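Here's start.cif, which has mmCIF, C-alpha atoms:
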data_coords
#
loop_
_atom_site.label_atom_id
_atom_site.label_comp_id
_atom_site.auth_asym_id
_atom_site.auth_seq_id
_atom_site.Cartn_x
_atom_site.Cartn_y
_atom_site.Cartn_z
CA MET A 1 -8.43 71.99 -43.12
CA ILE A 2 -4.72 71.79 -43.98
CA ASP A 3 -4.00 71.00 -40.32
CA LEU A 4 -6.46 68.12 -40.37
CA LEU A 5 -4.91 66.69 -43.54
CA ALA A 6 -1.42 66.92 -42.01
CA TYR A 7 -2.66 65.17 -38.83
CA ALA A 8 -4.25 62.33 -40.85
CA GLN A 9 -1.05 61.91 -42.82
CA THR A 10 1.04 61.71 -39.59
CA ALA A 11 -1.37 59.14 -38.09
CA ASN A 12 -1.11 57.09 -41.23
CA GLN A 13 2.69 57.19 -41.03
CA ILE A 14 2.58 55.99 -37.35
CA ASN A 15 0.24 53.11 -38.27
CA ASN A 16 2.59 52.12 -41.06
CA THR A 17 5.54 52.11 -38.62
CA TYR A 18 3.66 49.85 -36.16
CA TYR A 19 2.66 47.55 -38.98
CA PHE A 20 6.29 47.37 -40.14
CA ILE A 21 7.53 46.54 -36.62
CA PHE A 22 4.84 43.86 -36.22
CA LEU A 23 5.84 42.37 -39.58
CA ILE A 24 9.51 42.22 -38.57
CA VAL A 25 8.68 40.56 -35.23
CA TRP A 26 6.34 38.06 -36.91
CA LEU A 27 8.93 37.21 -39.55
CA GLY A 28 11.62 36.86 -36.87
CA LEU A 29 9.46 34.50 -34.81
CA SER A 30 8.56 32.47 -37.90
CA VAL A 31 12.21 32.05 -38.77
CA LEU A 32 13.01 31.05 -35.15
CA LEU A 33 10.17 28.54 -35.07
CA PHE A 34 11.44 26.92 -38.24
CA MET A 35 14.84 26.43 -36.60
CA PRO A 36 14.79 22.94 -34.99
CA GLY A 37 17.18 23.88 -32.14
CA PHE A 38 14.95 26.70 -30.94
CA GLN A 39 11.82 24.56 -31.08
CA GLN A 40 13.46 21.84 -29.06
CA ARG A 41 14.68 24.30 -26.43
CA MET A 42 11.19 25.74 -26.16
CA TYR A 43 9.55 22.31 -25.75
CA THR A 44 12.26 21.25 -23.29
CA TYR A 45 11.62 24.37 -21.22
CA PHE A 46 7.87 23.75 -20.94
CA VAL A 47 8.23 20.01 -20.23
CA ALA A 48 10.90 20.68 -17.58
CA ARG A 49 8.62 23.23 -15.89
CA ASP A 50 5.83 20.67 -15.73
CA ILE A 51 8.14 18.06 -14.16
CA GLU A 52 9.50 20.64 -11.70
CA ALA A 53 5.95 21.28 -10.47
CA GLY A 54 5.52 17.52 -9.91
CA LEU A 55 8.91 17.26 -8.23
CA LEU A 56 7.90 19.96 -5.77
CA LYS A 57 4.90 17.87 -4.75
CA LEU A 58 7.12 14.80 -4.33
CA GLU A 59 9.55 16.83 -2.21
CA ASN A 60 6.70 17.94 0.06
CA PHE A 61 5.43 14.36 0.45
CA THR A 62 8.96 13.22 1.40
CA LYS A 63 9.44 16.08 3.88
CA ASN A 64 6.07 15.40 5.53
CA ALA A 65 6.80 11.67 5.83
CA LYS A 66 10.20 12.40 7.38
CA LYS A 67 8.62 14.86 9.81
CA LYS A 68 5.98 12.34 10.91
CA THR A 69 8.60 9.59 11.34
CA ALA A 70 10.83 11.87 13.43
CA GLU A 71 7.81 12.86 15.56
CA LEU A 72 6.90 9.20 16.12
CA LEU A 73 10.48 8.42 17.14
CA LYS A 74 10.63 11.42 19.49
CA LYS A 75 7.28 10.45 21.02
CA SER A 76 8.69 6.96 21.64
CA GLY A 77 11.68 8.47 23.45
CA ALA A 78 14.43 8.56 20.78
CA THR A 79 17.02 11.29 21.28
CA ASN A 80 18.45 10.93 17.75
CA ALA A 81 15.13 10.99 15.84
CA ASP A 82 16.32 13.15 12.92
CA GLU A 83 19.50 11.13 12.47
CA LEU A 84 17.51 7.86 12.46
CA THR A 85 14.96 9.25 9.96
CA GLU A 86 17.76 10.27 7.60
CA LYS A 87 19.29 6.80 7.96
CA PHE A 88 15.94 5.19 6.99
CA ALA A 89 15.56 7.57 4.04
CA GLU A 90 18.95 6.63 2.59
CA TRP A 91 18.70 2.90 3.37
CA PHE A 92 19.23 0.56 0.40
CA VAL A 93 19.23 -3.12 -0.47
CA ILE A 94 21.28 -4.27 -3.43
CA ASP A 95 19.39 -6.68 -5.70
CA PRO A 96 20.86 -10.18 -5.98
CA VAL A 97 22.71 -11.06 -9.20
CA ASN A 98 20.09 -12.21 -11.70
CA VAL A 99 22.23 -13.11 -14.72
CA GLU A 100 22.87 -16.36 -12.85
CA PRO A 101 19.38 -17.14 -11.47
CA THR A 102 20.32 -20.36 -9.68
CA ASP A 103 19.30 -20.09 -6.03
CA ILE A 104 18.13 -16.48 -6.50
CA ILE A 105 15.16 -17.02 -4.16
CA ASN A 106 17.40 -17.98 -1.23
CA ARG A 107 19.70 -15.05 -1.94
CA MET A 108 16.73 -12.68 -2.20
CA LYS A 109 15.26 -14.05 1.04
CA LEU A 110 18.59 -13.60 2.81
CA LEU A 111 18.93 -9.98 1.66
CA MET A 112 15.32 -9.13 2.57
CA ARG A 113 15.58 -10.70 6.02
CA THR A 114 18.95 -9.06 6.66
CA SER A 115 17.48 -5.68 5.75
CA GLU A 116 14.44 -6.19 8.03
CA ASP A 117 16.68 -7.33 10.89
CA LYS A 118 19.05 -4.43 10.45
CA ILE A 119 16.24 -1.80 10.45
CA ARG A 120 14.79 -3.45 13.58
CA GLN A 121 18.21 -3.50 15.20
CA ILE A 122 18.73 0.22 14.46
CA ILE A 123 15.35 1.03 16.08
CA MET A 124 15.88 -1.22 19.11
CA LEU A 125 19.37 0.17 19.69
CA SER A 126 17.90 3.64 20.18
CA LEU A 127 14.70 2.47 21.86
CA PRO A 128 15.47 -0.78 23.72
CA ASN A 129 12.17 -0.90 25.64
CA LEU A 130 9.90 -0.35 22.65
CA ASP A 131 6.69 -2.41 22.44
CA PRO A 132 6.20 -4.52 19.28
CA VAL A 133 3.18 -2.52 18.02
CA THR A 134 5.00 0.84 18.11
CA ARG A 135 8.10 -0.82 16.67
CA SER A 136 6.07 -2.09 13.71
CA LYS A 137 4.64 1.42 13.17
CA ILE A 138 8.18 2.85 13.08
CA GLU A 139 9.26 0.09 10.65
CA VAL A 140 6.40 0.90 8.27
CA SER A 141 7.17 4.63 8.56
CA ALA A 142 10.81 3.87 7.74
CA GLU A 143 9.72 1.96 4.62
CA ILE A 144 7.45 4.81 3.52
CA VAL A 145 10.17 7.44 4.06
CA ASN A 146 12.61 5.28 2.11
CA SER A 147 10.21 4.76 -0.83
CA LEU A 148 9.24 8.44 -1.06
CA ASN A 149 12.85 9.58 -0.82
CA THR A 150 13.87 7.14 -3.57
CA ILE A 151 11.06 8.27 -5.92
CA TYR A 152 11.93 11.94 -5.30
CA LYS A 153 15.65 11.46 -5.88
CA VAL A 154 15.25 9.37 -9.05
CA ILE A 155 12.88 11.90 -10.63
CA ARG A 156 15.20 14.76 -9.66
CA HIS A 157 18.15 12.88 -11.16
CA TYR A 158 16.50 12.42 -14.55
CA LEU A 159 15.17 15.99 -14.57
CA ILE A 160 18.64 17.42 -13.98
CA LEU A 161 20.13 15.00 -16.52
CA GLY A 162 17.52 15.88 -19.15
CA LYS A 163 18.09 19.59 -18.64
CA LYS A 164 21.87 19.20 -18.67
CA LEU A 165 21.77 17.24 -21.94
CA GLN A 166 18.92 19.39 -23.32
CA SER A 167 17.24 16.06 -24.12
CA TYR A 168 13.60 16.56 -24.92
CA TYR A 169 13.04 12.80 -25.13
CA ILE A 170 14.35 12.03 -21.61
CA LEU A 171 12.11 14.76 -20.23
CA LEU A 172 9.12 13.67 -22.29
CA GLN A 173 9.32 10.11 -20.89
CA LEU A 174 9.73 11.53 -17.40
CA GLN A 175 6.74 13.82 -17.86
CA SER A 176 4.56 10.87 -18.83
CA ILE A 177 5.34 8.86 -15.65
CA VAL A 178 5.47 11.70 -13.09
CA PRO A 179 1.64 11.87 -12.60
CA ILE A 180 1.54 8.12 -11.82
CA LEU A 181 4.39 8.47 -9.35
CA ILE A 182 2.74 11.49 -7.70
CA LYS A 183 -0.44 9.46 -7.20
CA MET A 184 1.60 6.60 -5.74
CA ALA A 185 3.54 8.96 -3.45
CA GLU A 186 0.31 10.62 -2.31
CA SER A 187 -1.05 7.18 -1.33
CA TYR A 188 2.14 6.39 0.62
CA GLU A 189 1.89 9.65 2.52
CA LYS A 190 -1.75 8.98 3.43
CA ALA A 191 -0.85 5.40 4.40
CA GLN A 192 1.67 6.58 6.96
CA ASP A 193 -1.04 8.29 9.07
CA VAL A 194 -3.24 5.19 8.86
CA PHE A 195 -0.48 2.82 10.00
CA ILE A 196 0.60 5.16 12.81
CA LYS A 197 -2.98 5.18 14.15
CA GLY A 198 -3.18 1.37 13.87
CA ILE A 199 -6.24 1.36 11.58
CA PRO A 200 -6.72 -1.81 9.46
CA VAL A 201 -5.98 -1.16 5.78
CA GLY A 202 -7.55 -2.69 2.67
CA ASP A 203 -4.70 -5.21 2.57
CA SER A 204 -5.77 -6.42 6.06
CA LEU A 205 -8.64 -8.30 4.38
CA GLY A 206 -6.80 -11.65 4.41
CA PRO A 207 -5.80 -11.44 8.11
CA LEU A 208 -9.35 -10.29 8.96
CA VAL A 209 -10.83 -13.41 7.34
CA ALA A 210 -8.30 -15.63 9.15
CA SER A 211 -9.02 -13.80 12.41
CA ARG A 212 -12.73 -14.76 12.18
CA PHE A 213 -11.64 -18.41 12.43
CA LEU A 214 -8.77 -17.90 14.88
CA MET A 215 -10.69 -15.86 17.47
CA ASN A 216 -12.48 -19.00 18.69
CA ILE A 217 -9.28 -21.07 18.96
CA ASN A 218 -7.58 -20.98 22.35
CA GLU A 219 -4.41 -22.85 21.52
CA LYS A 220 -2.25 -21.01 19.02
CA TRP A 221 1.39 -21.36 18.11
CA THR A 222 4.08 -19.53 16.14
CA PRO A 223 4.93 -21.52 12.97
CA SER A 224 7.49 -18.94 11.77
CA ARG A 225 8.61 -15.38 12.41
CA GLU A 226 5.72 -12.97 13.12
CA MET A 227 3.11 -15.59 12.22
CA VAL A 228 0.38 -17.20 14.24
CA ALA A 229 -1.41 -20.50 13.62
CA GLY A 230 -4.37 -22.26 15.17
CA GLU A 231 -6.10 -25.57 14.66
CA THR A 232 -9.84 -26.10 14.71
CA GLU A 233 -12.42 -28.51 13.39
CA PHE A 234 -14.83 -27.52 10.66
CA GLU A 235 -17.58 -29.99 9.78
CA GLY A 236 -15.34 -32.99 10.35
CA ARG A 237 -12.25 -31.51 8.65
CA LYS A 238 -9.09 -30.42 10.42
CA LEU A 239 -8.63 -26.73 9.63
CA ILE A 240 -5.30 -25.04 10.26
CA VAL A 241 -5.53 -21.25 10.03
CA LEU A 242 -2.52 -18.96 9.57
CA LYS A 243 -2.05 -15.21 9.56
CA ALA A 244 0.56 -12.61 10.45
CA GLU A 245 0.71 -11.81 14.16
CA GLY A 246 -1.46 -8.79 14.86
CA PRO A 247 -2.30 -6.13 15.69
CA MET A 248 1.22 -5.14 14.60
CA ALA A 249 1.66 -3.66 11.14
CA THR A 250 3.36 -6.68 9.59
CA VAL A 251 2.82 -9.17 6.78
CA GLY A 252 4.80 -11.87 8.61
CA THR A 253 6.40 -14.80 6.81
CA PRO A 254 3.40 -16.74 5.43
CA GLY A 255 5.42 -18.86 2.99
CA GLU A 256 7.75 -20.17 5.63
CA ALA A 257 4.81 -20.75 8.00
CA VAL A 258 2.89 -22.86 5.46
CA GLU A 259 6.07 -24.78 4.58
CA ASN A 260 6.74 -25.56 8.25
CA VAL A 261 3.15 -26.59 8.99
CA ILE A 262 2.90 -28.91 5.97
CA ASN A 263 6.34 -30.43 6.49
CA LYS A 264 5.46 -31.11 10.14
CA LEU A 265 2.33 -32.94 8.93
CA GLU A 266 4.55 -34.82 6.44
CA GLY A 267 2.41 -33.53 3.58
CA ARG A 268 -0.87 -34.94 4.88
CA VAL A 269 -2.80 -31.85 3.76
CA ASN A 270 -5.61 -32.06 1.19
CA ARG A 271 -6.07 -28.42 0.27
CA ILE A 272 -4.40 -25.02 0.69
CA ILE A 273 -6.63 -21.93 0.57
CA THR A 274 -5.09 -18.47 0.24
CA VAL A 275 -7.11 -15.28 0.80
CA ASP A 276 -5.67 -11.90 -0.13
CA ALA A 277 -6.44 -8.38 -1.32
CA ALA A 278 -5.68 -7.85 -5.02
CA ALA A 279 -5.16 -4.80 -7.21
CA LYS A 280 -8.26 -4.05 -9.25
CA LEU A 281 -8.16 -2.89 -12.83
CA GLU A 282 -9.69 0.50 -13.65
CA GLY A 283 -13.42 -0.03 -14.09
CA GLU A 284 -13.64 -2.91 -11.59
CA GLN A 285 -15.62 -2.50 -8.37
CA THR A 286 -13.88 -2.17 -5.01
CA GLY A 287 -14.82 -5.12 -2.82
CA SER A 288 -15.67 -7.46 -5.69
CA ILE A 289 -14.65 -11.04 -4.97
CA ALA A 290 -13.05 -13.50 -7.39
CA GLU A 291 -11.99 -17.09 -7.02
CA GLY A 292 -9.15 -18.88 -8.77
CA VAL A 293 -6.20 -21.17 -8.42
CA GLY A 294 -2.69 -20.43 -7.14
CA VAL A 295 -1.07 -18.53 -4.31
CA ALA A 296 -2.82 -15.20 -3.78
CA MET A 297 0.08 -13.12 -2.51
CA GLY A 298 1.76 -9.88 -3.57
CA ASP A 299 5.19 -11.01 -2.49
CA PRO A 300 8.42 -10.32 -4.40
CA GLY A 301 9.14 -14.06 -4.48
CA PRO A 302 10.48 -15.94 -1.45
CA GLU A 303 7.22 -16.38 0.49
CA LYS A 304 5.04 -17.21 -2.50
CA ILE A 305 7.46 -19.74 -3.94
CA ALA A 306 7.76 -21.48 -0.55
CA ILE A 307 4.02 -22.32 -0.70
CA GLU A 308 4.20 -23.35 -4.37
CA ARG A 309 7.19 -25.61 -3.69
CA VAL A 310 5.71 -27.39 -0.68
CA ALA A 311 2.37 -27.77 -2.51
CA ALA A 312 4.12 -29.23 -5.55
CA LYS A 313 6.22 -31.54 -3.35
CA TYR A 314 3.13 -33.15 -1.80
CA ASN A 315 0.75 -32.53 -4.74
CA ILE A 316 -1.66 -30.33 -2.78
CA PRO A 317 -4.13 -28.19 -4.77
CA ILE A 318 -4.03 -24.45 -4.01
CA ASP A 319 -7.16 -22.28 -4.11
CA ALA A 320 -7.16 -18.49 -4.15
CA ILE A 321 -9.86 -16.02 -3.13
CA ILE A 322 -9.18 -12.37 -3.81
CA VAL A 323 -10.98 -9.14 -2.97
CA LYS A 324 -10.30 -6.32 -5.40
CA MET A 325 -9.30 -2.77 -4.50
CA SER A 326 -7.08 0.04 -5.76
CA MET A 327 -3.46 0.43 -4.67
CA GLU A 328 -4.46 3.40 -2.50
CA GLU A 329 -7.31 1.49 -0.86
CA ALA A 330 -4.96 -1.41 -0.12
CA ILE A 331 -2.63 0.76 1.98
CA THR A 332 -5.10 3.23 3.51
CA GLU A 333 -8.18 2.78 5.77
CA MET A 334 -10.15 -0.36 4.87
CA PRO A 335 -13.09 0.77 2.70
CA LYS A 336 -16.61 -0.29 3.74
CA GLU A 337 -16.94 -2.35 0.55
CA VAL A 338 -13.88 -4.42 1.53
CA TYR A 339 -15.10 -4.80 5.11
CA ASP A 340 -18.48 -6.01 3.80
CA ALA A 341 -16.67 -8.46 1.51
CA SER A 342 -14.79 -10.04 4.46
CA ASP A 343 -17.84 -11.84 5.86
CA LYS A 344 -18.82 -13.01 2.36
CA VAL A 345 -15.30 -14.43 1.95
CA VAL A 346 -15.62 -16.30 5.28
CA GLU A 347 -18.77 -17.95 3.92
CA MET A 348 -17.04 -18.68 0.58
CA VAL A 349 -14.14 -20.36 2.39
CA LYS A 350 -16.59 -22.55 4.34
CA GLN A 351 -18.44 -23.45 1.14
CA LEU A 352 -15.18 -24.20 -0.66
CA ILE A 353 -14.12 -26.56 2.16
CA ARG A 354 -17.52 -28.32 2.04
CA GLU A 355 -17.41 -28.74 -1.75
CA ARG A 356 -13.77 -29.67 -2.33
CA THR A 357 -12.83 -31.70 0.73
CA LYS A 358 -14.44 -34.52 2.67
CA PRO A 359 -14.70 -35.20 6.41
CA GLY A 360 -11.37 -36.36 7.79
CA ASP A 361 -9.35 -34.16 5.40
CA THR A 362 -6.90 -31.47 6.48
CA VAL A 363 -7.12 -27.94 5.09
CA VAL A 364 -4.65 -25.07 5.50
CA LEU A 365 -6.13 -21.56 5.29
CA ILE A 366 -3.83 -18.54 4.99
CA GLY A 367 -5.03 -14.96 5.40
CA VAL A 368 -2.36 -13.04 3.48
CA GLY A 369 -1.69 -9.33 3.99
CA ASN A 370 -0.71 -6.64 6.46
CA THR A 371 -2.38 -7.34 9.78
CA CYS A 372 -2.32 -3.76 11.07
CA GLY A 373 -5.18 -3.41 13.60
CA VAL A 374 -6.22 -7.06 13.27
CA ALA A 375 -5.26 -9.46 16.07
CA GLN A 376 -6.31 -13.10 16.35
CA MET B 1 -21.87 21.37 -16.01
CA SER B 2 -18.79 20.29 -14.17
CA GLN B 3 -18.89 19.64 -10.46
CA SER B 4 -15.77 18.56 -8.65
CA THR B 5 -16.25 15.97 -5.93
CA GLN B 6 -14.09 15.45 -2.92
CA GLN B 7 -14.08 12.31 -0.82
CA GLN B 8 -13.94 12.68 2.92
CA LYS B 9 -13.55 9.65 5.13
CA THR B 10 -14.59 8.89 8.64
CA VAL B 11 -13.29 5.76 10.37
CA VAL B 12 -15.78 3.78 12.45
CA THR B 13 -15.41 0.85 14.83
CA VAL B 14 -18.10 -1.84 14.77
CA LEU B 15 -18.82 -3.59 18.07
CA LYS B 16 -20.71 -6.88 18.06
CA CYS B 17 -22.14 -9.28 20.62
CA LEU B 18 -21.54 -12.80 19.36
CA LYS B 19 -24.39 -14.18 21.48
CA CYS B 20 -27.32 -12.01 20.34
CA SER B 21 -25.75 -10.29 17.30
CA TYR B 22 -26.32 -6.84 18.82
CA THR B 23 -24.20 -4.43 16.78
CA VAL B 24 -23.26 -0.85 17.42
CA GLU B 25 -20.94 1.62 15.66
CA ARG B 26 -18.82 4.36 17.17
CA PRO B 27 -15.94 6.55 15.94
CA PHE B 28 -12.55 4.81 15.87
CA LYS B 29 -10.25 5.40 18.85
CA GLU B 30 -6.50 4.78 18.84
CA GLY B 31 -5.87 1.43 20.51
CA ASP B 32 -8.88 -0.25 18.87
CA PHE B 33 -8.15 -3.52 17.09
CA ILE B 34 -10.08 -6.56 15.87
CA PRO B 35 -11.24 -8.66 17.87
CA LYS B 36 -10.56 -6.71 21.11
CA ILE B 37 -13.23 -6.98 23.83
CA ASP B 38 -14.61 -3.51 24.47
CA GLY B 39 -17.48 -3.40 26.93
CA THR B 40 -20.51 -5.59 27.43
CA CYS B 41 -23.71 -6.14 25.51
CA PRO B 42 -26.64 -4.08 26.88
CA ASN B 43 -29.02 -6.97 26.04
CA ASP B 44 -27.38 -9.97 27.69
CA GLY B 45 -24.16 -8.74 29.33
CA SER B 46 -21.92 -10.82 27.01
CA PRO B 47 -18.61 -9.33 25.87
CA LEU B 48 -18.76 -6.88 22.95
CA TYR B 49 -16.05 -7.62 20.40
CA ILE B 50 -14.56 -5.10 17.99
CA TRP B 51 -15.84 -6.81 14.85
CA GLY B 52 -14.65 -4.36 12.25
CA ILE B 53 -12.91 -1.05 11.63
CA TYR B 54 -13.54 0.61 8.31
CA ALA B 55 -13.72 3.94 6.49
CA LYS B 56 -17.05 5.38 5.49
CA SER B 57 -16.83 7.67 2.50
CA LEU B 58 -18.73 10.91 2.66
CA VAL B 59 -18.83 12.33 -0.88
CA GLU B 60 -19.04 16.09 -0.85
CA LYS B 61 -19.92 18.03 -3.96
CA LYS B 62 -18.22 21.40 -4.40
#

Produce structure tokens that represent the structure in this file.
Amino acid sequence: MIDLLAYAQTANQINNTYYFIFLIVWLGLSVLLFMPGFQQRMYTYFVARDIEAGLLKLENFTKNAKKKTAELLKKSGATNADELTEKFAEWFVIDPVNVEPTDIINRMKLLMRTSEDKIRQIIMLSLPNLDPVTRSKIEVSAEIVNSLNTIYKVIRHYLILGKKLQSYYILLQLQSIVPILIKMAESYEKAQDVFIKGIPVGDSLGPLVASRFLMNINEKWTPSREMVAGETEFEGRKLIVLKAEGPMATVGTPGEAVENVINKLEGRVNRIITVDAAAKLEGEQTGSIAEGVGVAMGDPGPEKIAIERVAAKYNIPIDAIIVKMSMEEAITEMPKEVYDASDKVVEMVKQLIRERTKPGDTVVLIGVGNTCGVAQ
Amino acid sequence: MSQSTQQQKTVVTVLKCLKCSYTVERPFKEGDFIPKIDGTCPNDGSPLYIWGIYAKSLVEKK
């Protein structure tokens, strides 16, 4: 009996010791949590870990894109494939000065064209006998590698900076945009396979519509770099159709082409119709069609403004027909909904010409977008 | 009840005879492009044009 009492007393003492230790730990943690410095370090640690996980994904996308580009170059006969891929990844174009906007469009156009020419020159120097279709695939791959590498490096920069400065707010902002950038990078990586195979993408909608008109025209000409034009008659109207030259993966120079065609006709054009793929808002249906006014074109500036300027010069109304899709759908395989929309757009264009022009008028139709897998 | 869905895509090439509107689909092959002539129509022997290339979505539930 005495033994049992002594055992109970000892057990009670042990329980009390555990309770005391727990109390000390709990008090210690409470004090630490009330200290702002500790809290911030804890939050910073968790946010940084989340960004690091995203950065790892971005690194993998970049590595895969580089690998595919190097493989494409090797397959085409390049002996310096890795060196070329690294050159594409680190390629940059310095933005024109915008505090003095006068003539910014010409400066932007010059820089963009110089960059395109230089990339092409680098490719052709290593592969002088390359066909234009494979060359365009390498050019698109180079652009994808460059974009993915830039996204990866910028995120890594701000992650390291945020950690170095122990700045919770830098990391918090970064954490909020990383999922969007991962989604974008994932789309770019998928797009590379699609372009390499030569499959039309969602953005090929415009060239596909133009191709439906151009395929029956025998006489075609080149109105500007990487563009093709053809003239036909539609119910008594002269219809001039333009698109980028396919089936290469290129968007061509539609602005310059329209400018040249209209200037050559000395402005005797009654209507300009632009057809393009457009980014849908969340909740909108892929393949839904909308009609409006203006130049339907996702261009940084020079091409779009060229059409606006020539239209304003000769007072030519501009119509726009767009087919909606997500950013991923625009740069990956053309979805069935967009393909189905193409024939409806052809009919809409015909109806628009009937309703808004009269026999004897001249209409210019431009199918805007990347013409990968769509010839004429 | 939460069921995750995964989209799988298959790319098809649509061939069309412009004379009789005969249409046939087959899997996409590298080198296909719109409007390449690829074979002849079994009905009237006219050229078959590649009329479209698009992705069909096959939604799989996991």

Considering all atoms listed in the file, return as a PyMOL selection string whatever protein or nucleic-acid residues lie within 10 Å of range 37-43 of chain B, sequence-local ones (same chain, fewer than 4 positions apart) excluded.
chain B and resi 15-24+32-33+47-51

With the cut-off set at 10 Å and counting all atoms listed in the file, tabulate each residue of chain A with an atom at most that distance from an atom of chain B, showing the nearest atom pair and its distance in Å to one decimal, ordered by chain and increasing number, as CSV.
residue,atom,partner,partner_atom,distance
A:Ile196,CA,B:Glu30,CA,9.3
A:Lys197,CA,B:Glu30,CA,5.9
A:Gly198,CA,B:Glu30,CA,6.9
A:Ile199,CA,B:Ile53,CA,7.1
A:Pro200,CA,B:Ile53,CA,6.6
A:Val201,CA,B:Tyr54,CA,8.2
A:Gly202,CA,B:Tyr54,CA,8.9
A:Leu208,CA,B:Ile34,CA,7.9
A:Ser211,CA,B:Pro35,CA,7.8
A:Arg212,CA,B:Pro35,CA,8.5
A:Met215,CA,B:Pro35,CA,7.2
A:Gly246,CA,B:Phe33,CA,8.8
A:Pro247,CA,B:Phe33,CA,6.6
A:Met248,CA,B:Phe33,CA,9.8
A:Thr332,CA,B:Ala55,CA,9.1
A:Glu333,CA,B:Ala55,CA,5.7
A:Met334,CA,B:Tyr54,CA,4.9
A:Pro335,CA,B:Ala55,CA,5.0
A:Lys336,CA,B:Tyr54,CA,5.6
A:Glu337,CA,B:Tyr54,CA,9.0
A:Val338,CA,B:Tyr54,CA,8.4
A:Tyr339,CA,B:Tyr54,CA,6.5
A:Asp340,CA,B:Tyr54,CA,9.4
A:Ser342,CA,B:Gly52,CA,9.6
A:Thr371,CA,B:Ile34,CA,9.8
A:Cys372,CA,B:Phe33,CA,8.4
A:Gly373,CA,B:Phe33,CA,4.6
A:Val374,CA,B:Ile34,CA,4.7
A:Ala375,CA,B:Ile34,CA,5.6
A:Gln376,CA,B:Pro35,CA,6.8

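You will find CA of Ile94 in chain A at 18.9 Å from CA of Gln121 in chain A.
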
Please list as a list in words every residue within 10 Å of Ala306 in chain A, counting all atoms listed in the file and excluding residues in the same chain fewer than 6 positions away.
Ile105, Pro254, Gly255, Glu256, Ala257, Val258, Glu259, Asn260 and Ala312 of chain A

Show me the residues close to (9.7, 17.4, -5.7) - anything with an atom within 12 Å, counting all atoms listed in the file - and format the list as a PyMOL selection string.
chain A and resi 49-64+148-157+159+178-179+181-182+185

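Between Glu219 in chain A and the candidates A:Asp82, A:Asp299, A:Asp3, A:Glu231, the tightest atom-to-atom separation, counting all atoms listed in the file, involves A:Glu231.
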
So what do you get for CA of Leu72 in chain A versus CA of Lys87 in chain A, distance-wise?
15.0 Å

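Going from CA of Met108 in chain A over to CA of Ile305 in chain A, you cover 11.8 Å.
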
Which residues would end up in the selection if the PyMOL selection byres ((chain A and resi 277-281) around 9) were applied here, given that I need the answer as number ranges by chain?
A: 202-206, 275-276, 282-286, 288, 296-298, 321-327, 330, 338, 368-369
